[in-house]
$ cat run-v2.txt   # compact mmCIF, C-alpha atoms
# COMPACT_ATOMS: atom_id res chain seq x y z
CA MET A 10 78.85 54.81 149.32
CA GLN A 11 75.37 53.57 148.49
CA LYS A 12 73.97 56.51 150.50
CA VAL A 13 75.45 59.01 148.02
CA PRO A 14 73.40 59.16 144.80
CA PHE A 15 76.19 60.65 142.66
CA LEU A 16 78.74 57.90 143.49
CA GLU A 17 78.87 54.52 141.81
CA LEU A 18 81.16 51.67 142.93
CA ALA A 19 83.23 50.64 139.90
CA GLY A 20 85.17 47.83 141.58
CA ILE A 21 87.05 46.49 144.60
CA ALA A 22 90.66 45.24 144.48
CA GLU A 23 92.02 42.84 147.09
CA THR A 24 95.69 43.35 146.14
CA ALA A 25 97.81 46.18 144.78
CA THR A 26 98.28 44.35 141.46
CA ASP A 27 94.54 43.96 141.06
CA ALA A 28 94.14 47.64 141.84
CA LEU A 29 96.61 48.66 139.11
CA PHE A 30 94.75 46.69 136.44
CA LEU A 31 91.37 47.84 137.72
CA ILE A 32 92.41 51.50 137.62
CA ARG A 33 93.77 51.06 134.09
CA ASP A 34 90.67 49.32 132.79
CA MET A 35 87.90 51.18 134.61
CA LYS A 36 89.49 54.67 134.61
CA PRO A 37 87.61 55.73 137.76
CA ASP A 38 87.25 59.34 138.91
CA ILE A 39 88.15 58.53 142.53
CA VAL A 40 90.22 55.76 144.13
CA PHE A 41 90.06 55.00 147.86
CA LEU A 42 93.45 53.49 148.63
CA ASP A 43 94.65 51.70 151.74
CA ILE A 44 98.31 51.99 152.73
CA GLU A 45 98.82 48.44 153.98
CA MET A 46 98.04 46.01 151.15
CA PRO A 47 99.37 42.66 149.95
CA GLU A 48 102.33 42.80 147.53
CA MET A 49 103.12 46.52 147.99
CA THR A 50 102.06 49.56 149.96
CA GLY A 51 99.64 52.18 148.75
CA PHE A 52 102.51 54.64 148.34
CA GLU A 53 104.43 52.18 146.16
CA LEU A 54 101.33 51.72 144.04
CA LEU A 55 101.01 55.49 143.58
CA LYS A 56 104.48 55.62 142.06
CA LEU A 57 103.38 53.16 139.35
CA LEU A 58 100.40 55.22 138.23
CA PRO A 59 100.69 57.68 135.32
CA PRO A 60 100.56 61.44 136.02
CA ALA A 61 96.99 61.63 134.70
CA ARG A 62 95.66 59.44 137.49
CA PRO A 63 92.32 59.48 139.32
CA ALA A 64 91.79 61.54 142.45
CA MET A 65 93.42 59.51 145.22
CA ILE A 66 92.00 59.39 148.76
CA MET A 67 94.19 57.46 151.19
CA ILE A 68 92.68 55.46 154.06
CA THR A 69 94.70 54.30 157.06
CA ALA A 70 94.58 53.85 160.82
CA ASP A 71 98.01 55.46 161.27
CA PRO A 72 98.16 59.29 161.34
CA SER A 73 101.95 59.27 161.01
CA TYR A 74 101.61 58.73 157.24
CA ALA A 75 99.87 62.10 156.74
CA LEU A 76 102.97 64.07 155.71
CA GLU A 77 104.15 61.40 153.27
CA GLY A 78 100.62 61.22 151.90
CA TYR A 79 100.55 64.86 150.95
CA GLU A 80 103.96 64.63 149.37
CA HIS A 81 102.20 62.34 146.90
CA GLU A 82 99.56 65.05 146.26
CA LEU A 83 96.64 63.08 147.60
CA THR A 84 93.19 64.62 147.43
CA ASP A 85 92.59 63.69 151.07
CA TYR A 86 93.77 61.43 153.88
CA LEU A 87 91.17 59.57 155.96
CA LEU A 88 91.87 58.05 159.36
CA LYS A 89 90.05 54.86 160.31
CA PRO A 90 87.37 54.53 161.51
CA VAL A 91 85.96 56.88 158.89
CA SER A 92 82.69 58.60 159.72
CA PHE A 93 80.17 59.19 156.96
CA GLU A 94 80.49 62.93 157.44
CA ARG A 95 84.27 62.79 156.94
CA PHE A 96 83.81 60.54 153.91
CA LEU A 97 81.50 63.11 152.29
CA LYS A 98 83.94 65.93 152.95
CA ALA A 99 86.73 63.98 151.26
CA VAL A 100 84.60 63.23 148.21
CA ASN A 101 83.59 66.88 147.95
CA LYS A 102 87.25 67.90 147.63
CA VAL A 103 87.60 66.14 144.30
CA ASP A 104 88.01 68.61 141.47
CA GLY A 105 84.75 69.81 139.96
CA ALA A 106 85.85 68.80 136.48
CA ARG A 107 85.86 65.17 137.61
CA PHE A 108 83.10 65.23 140.16
CA PRO A 109 79.61 66.62 139.39
CA LYS A 110 79.18 69.06 142.26
CA HIS A 111 77.05 71.18 139.95
CA LEU A 112 74.30 68.56 139.76
CA PRO A 113 71.01 70.03 140.96
CA GLY A 114 70.65 69.63 144.70
CA THR A 115 74.08 68.04 145.27
CA ALA A 116 75.43 70.69 147.64
CA GLU A 117 72.15 70.92 149.52
CA LEU A 118 72.00 67.13 149.83
CA MET A 119 75.53 66.93 151.23
CA ASP A 120 74.86 69.68 153.77
CA LYS A 121 71.65 67.99 154.86
CA VAL A 122 73.23 64.55 155.15
CA VAL A 123 76.26 65.86 157.06
CA SER A 124 74.04 67.68 159.56
CA SER A 125 71.82 64.68 160.11
CA ILE A 126 74.60 62.14 160.74
CA LYS A 127 76.93 64.23 162.87
CA GLU A 128 77.60 62.29 166.03
CA PRO A 129 77.17 63.86 169.48
CA HIS A 130 80.84 63.52 170.43
CA GLN A 131 81.83 65.23 167.19
CA GLN A 132 79.53 68.14 167.97
CA VAL A 133 81.09 68.46 171.42
CA ALA A 134 84.59 68.43 169.95
CA ASP A 135 83.67 71.10 167.39
CA THR A 136 82.03 73.25 170.05
CA GLU A 137 85.00 73.08 172.40
CA PHE A 138 87.42 73.86 169.60
CA SER A 139 85.39 76.71 168.16
CA GLY A 140 85.45 78.39 171.56
CA ALA A 141 88.43 80.48 170.60
CA ARG A 142 90.51 81.90 173.46
CA ASN A 143 89.31 79.16 175.84
CA ASP A 144 91.56 77.90 178.62
CA PHE A 145 91.91 74.64 176.71
CA LEU A 146 91.19 73.07 173.33
CA LEU A 147 89.83 69.62 172.55
CA LEU A 148 91.64 68.27 169.52
CA LYS A 149 90.67 65.05 167.78
CA GLU A 150 93.59 62.76 166.95
CA ASN A 151 92.56 59.45 165.39
CA LYS A 152 90.12 57.95 167.95
CA LYS A 153 91.19 60.20 170.83
CA LEU A 154 90.19 63.63 172.07
CA ILE A 155 93.24 65.47 173.40
CA LYS A 156 92.81 68.25 175.94
CA VAL A 157 95.57 70.81 175.58
CA ALA A 158 96.10 74.32 176.93
CA PRO A 159 97.22 76.72 174.18
CA SER A 160 100.17 77.78 176.35
CA GLU A 161 101.52 74.20 176.18
CA ILE A 162 101.79 74.24 172.38
CA HIS A 163 105.27 75.19 171.16
CA PHE A 164 104.55 75.48 167.45
CA ILE A 165 102.29 74.14 164.73
CA GLU A 166 103.30 72.85 161.31
CA GLY A 167 100.72 72.87 158.53
CA MET A 168 100.39 70.07 155.95
CA ARG A 169 97.43 71.15 153.78
CA ASP A 170 94.38 69.91 155.69
CA TYR A 171 96.46 68.31 158.46
CA LEU A 172 98.47 69.88 161.26
CA LYS A 173 101.35 68.67 163.41
CA LEU A 174 101.20 70.16 166.90
CA TYR A 175 104.42 70.13 168.88
CA TRP A 176 104.67 70.52 172.64
CA SER A 177 107.28 69.55 175.21
CA ASP A 178 106.63 65.81 175.39
CA ARG A 179 104.84 64.79 172.21
CA VAL A 180 103.67 65.53 168.67
CA ALA A 181 100.06 65.16 167.52
CA VAL A 182 98.67 64.99 163.97
CA ILE A 183 95.14 66.32 163.59
CA HIS A 184 92.81 66.95 160.67
CA MET A 185 92.37 70.71 160.59
CA THR A 186 93.38 73.75 158.54
CA MET A 187 95.85 76.43 159.59
CA ALA A 188 93.15 79.07 159.26
CA LYS A 189 90.83 77.29 161.69
CA ILE A 190 93.40 76.69 164.41
CA GLU A 191 94.77 80.22 164.02
CA GLU A 192 91.29 81.53 164.83
CA ALA A 193 91.17 79.42 168.00
CA LEU A 194 94.59 80.36 169.36
CA PRO A 195 95.12 83.53 171.45
CA SER A 196 96.63 86.08 169.05
CA ALA A 197 98.61 87.71 171.85
CA GLN A 198 100.47 84.45 172.40
CA PHE A 199 100.95 82.98 168.92
CA LEU A 200 102.57 84.32 165.78
CA ARG A 201 102.14 83.19 162.18
CA VAL A 202 105.67 83.24 160.76
CA ASN A 203 105.07 81.71 157.32
CA ARG A 204 102.36 79.84 155.43
CA SER A 205 103.16 76.58 157.19
CA TYR A 206 104.11 77.55 160.76
CA ILE A 207 102.50 79.19 163.79
CA VAL A 208 104.87 79.69 166.74
CA ASN A 209 104.24 80.32 170.42
CA LYS A 210 106.17 83.53 171.14
CA LYS A 211 107.44 82.24 174.48
CA VAL A 212 109.51 79.48 172.77
CA ILE A 213 111.34 81.86 170.41
CA ARG A 214 114.95 81.91 171.57
CA GLU A 215 116.53 83.97 168.81
CA ILE A 216 116.07 85.37 165.30
CA GLU A 217 118.91 85.48 162.81
CA GLY A 218 118.22 86.70 159.31
CA ASN A 219 115.01 85.08 158.15
CA GLU A 220 115.11 82.21 160.63
CA ILE A 221 113.70 81.62 164.10
CA THR A 222 115.36 79.25 166.55
CA THR A 223 113.13 77.84 169.28
CA ASN A 224 114.19 76.89 172.81
CA SER A 225 114.41 73.27 171.65
CA GLY A 226 116.76 74.21 168.79
CA ARG A 227 114.20 73.85 166.00
CA LYS A 228 114.90 76.15 163.02
CA ILE A 229 111.79 77.73 161.46
CA PRO A 230 112.00 80.04 158.42
CA ILE A 231 110.24 83.41 158.41
CA GLY A 232 108.24 83.98 155.24
CA VAL A 233 109.05 87.08 153.21
CA THR A 234 105.50 88.41 153.46
CA TYR A 235 105.37 87.68 157.22
CA ARG A 236 108.74 89.13 158.22
CA ALA A 237 107.64 92.74 158.80
CA ASN A 238 104.77 91.71 161.07
CA VAL A 239 106.91 89.17 162.98
CA LEU A 240 109.58 91.79 163.71
CA ALA A 241 107.01 94.46 164.57
CA VAL A 242 105.30 92.20 167.10
CA LEU A 243 108.53 91.09 168.75
CA GLN A 244 110.00 94.62 168.82
CA ARG A 245 107.32 95.59 171.34
CA ASN A 246 109.27 93.62 173.97
CA ARG A 247 112.67 94.98 173.00
CA ILE A 248 114.66 96.73 175.76
$ encode --input "run-v2.txt" --output "structure tokens"
Amino acid sequence: MQKVPFLELAGIAETATDALFLIRDMKPDIVFLDIEMPEMTGFELLKLLPPARPAMIMITADPSYALEGYEHELTDYLLKPVSFERFLKAVNKVDGARFPKHLPGTAELMDKVVSSIKEPHQQVADTEFSGARNDFLLLKENKKLIKVAPSEIHFIEGMRDYLKLYWSDRVAVIHMTMAKIEEALPSAQFLRVNRSYIVNKKVIREIEGNEITTNSGRKIPIGVTYRANVLAVLQRNRI
């Protein structure tokens, strides 16, 4: 935090109770909140805060909390260990009314700092992923890089800036937008069926009304604005 000139540390709380009083007294713009804390969890603490609360950025080592985190309208969700680049991206998401992005040189400084501290393995991961239509993708989940062939992915569920990828034997949670992964997937194989789901066409078992059923029995709704395109694409294989 000391590396960022427009951030100032207002305080550190060791327990959830201390955090509640500190937030009330200091009225910070941003709170970095751990999930596992003495006395209560970070989610329980969130429920005690008033609606006009600071921007909340959750920090945890467990990616399984991502969905619950966004149900609490968090600004961002950081997985430990947190790189400086990822930290800066989270801070930059805070609403401009609270956070002075307009300060002279702020955007340029962040771009310069991010470029200079990007680690080699992160660059490799980005390069492999950005190679859209490749035979495989390298996806970063927590501390691991997962190699997956697009054909193995059954469907993808979007949760703001996080995605849940489902394939036959597991589910992975990664930090990525729907737009970015949609660019990387082969369009001939995958179909966007609503704002939150991309489906591999080979796992679609049936369509009834505005709902897709996959081979595994998962029900996925078809969005109103996506329905015409979904039906048009699938009709090409009708006999």
$ closest_atom_pairs --input "run-v2.txt" --of "stretch 202-224 of chain A" --to "stretch 178-190 of chain A" --cutoff "9 Å" --atoms "only C-alpha atoms" --output "JSON lines"
{"residue": "A:Arg204", "atom": "CA", "partner": "A:Met187", "partner_atom": "CA", "distance": 8.4}
{"residue": "A:Ser205", "atom": "CA", "partner": "A:Met187", "partner_atom": "CA", "distance": 7.7}
{"residue": "A:Tyr206", "atom": "CA", "partner": "A:Met187", "partner_atom": "CA", "distance": 8.4}
{"residue": "A:Ile207", "atom": "CA", "partner": "A:Met187", "partner_atom": "CA", "distance": 8.3}
$ atom_distance --input "run-v2.txt" --atom1 "atom CA of A:Glu23" --atom2 "atom CA of A:Asp43"
10.3 Å
$ residues_near_point --input "run-v2.txt" --point "(110.2, 71.9, 171.3)" --cutoff "8 Å" --atoms "all atoms listed in the file" --output "list of chain:residue names"
A:His163, A:Phe164, A:Tyr175, A:Trp176, A:Ser177, A:Val212, A:Thr223, A:Asn224, A:Ser225, A:Gly226, A:Arg227
$ closest_atom_pairs --input "run-v2.txt" --of "stretch 128-246 of chain A" --to "stretch 65-85 of chain A" --cutoff "10 Å" --atoms "all atoms listed in the file" --output "JSON lines"
{"residue": "A:Glu150", "atom": "CA", "partner": "A:Pro72", "partner_atom": "CA", "distance": 8.0}
{"residue": "A:Asn151", "atom": "CA", "partner": "A:Pro72", "partner_atom": "CA", "distance": 6.9}
{"residue": "A:Lys152", "atom": "CA", "partner": "A:Ala70", "partner_atom": "CA", "distance": 9.4}
{"residue": "A:Gly167", "atom": "CA", "partner": "A:Leu76", "partner_atom": "CA", "distance": 9.5}
{"residue": "A:Met168", "atom": "CA", "partner": "A:Leu76", "partner_atom": "CA", "distance": 6.5}
{"residue": "A:Arg169", "atom": "CA", "partner": "A:Tyr79", "partner_atom": "CA", "distance": 7.6}
{"residue": "A:Asp170", "atom": "CA", "partner": "A:Asp85", "partner_atom": "CA", "distance": 8.0}
{"residue": "A:Tyr171", "atom": "CA", "partner": "A:Ala75", "partner_atom": "CA", "distance": 7.3}
{"residue": "A:Leu172", "atom": "CA", "partner": "A:Ala75", "partner_atom": "CA", "distance": 9.1}
{"residue": "A:Lys173", "atom": "CA", "partner": "A:Leu76", "partner_atom": "CA", "distance": 9.1}
{"residue": "A:Ala181", "atom": "CA", "partner": "A:Pro72", "partner_atom": "CA", "distance": 8.7}
{"residue": "A:Val182", "atom": "CA", "partner": "A:Pro72", "partner_atom": "CA", "distance": 6.3}
{"residue": "A:Ile183", "atom": "CA", "partner": "A:Pro72", "partner_atom": "CA", "distance": 8.0}
{"residue": "A:His184", "atom": "CA", "partner": "A:Pro72", "partner_atom": "CA", "distance": 9.4}
$ atom_distance --input "run-v2.txt" --atom1 "atom CA of A:Glu45" --atom2 "atom CA of A:Leu88"
13.0 Å
$ residues_around --input "run-v2.txt" --residues "A:Leu58" --least-positions-apart "6" --cutoff "9 Å" --atoms "all atoms listed in the file" --output "ChimeraX atom specification"
/A:29,32-33
$ write_last_selection --input "run-v2.txt" --atoms "C-alpha atoms" --output "mmCIF file, in the frame of the given file"
data_model
loop_
_atom_site.group_PDB
_atom_site.id
_atom_site.type_symbol
_atom_site.label_atom_id
_atom_site.label_comp_id
_atom_site.auth_asym_id
_atom_site.auth_seq_id
_atom_site.Cartn_x
_atom_site.Cartn_y
_atom_site.Cartn_z
ATOM 1 C CA LEU A 29 96.610 48.660 139.110
ATOM 2 C CA ILE A 32 92.410 51.500 137.620
ATOM 3 C CA ARG A 33 93.770 51.060 134.090
#
$ closest_residue --input "run-v2.txt" --among "A:Leu57, A:Ile216, A:Leu16, A:Leu240" --to "A:Val100" --atoms "all atoms listed in the file"
A:Leu16
$ atom_distance --input "run-v2.txt" --atom1 "atom CA of A:Val208" --atom2 "atom CA of A:Ile162"
8.4 Å
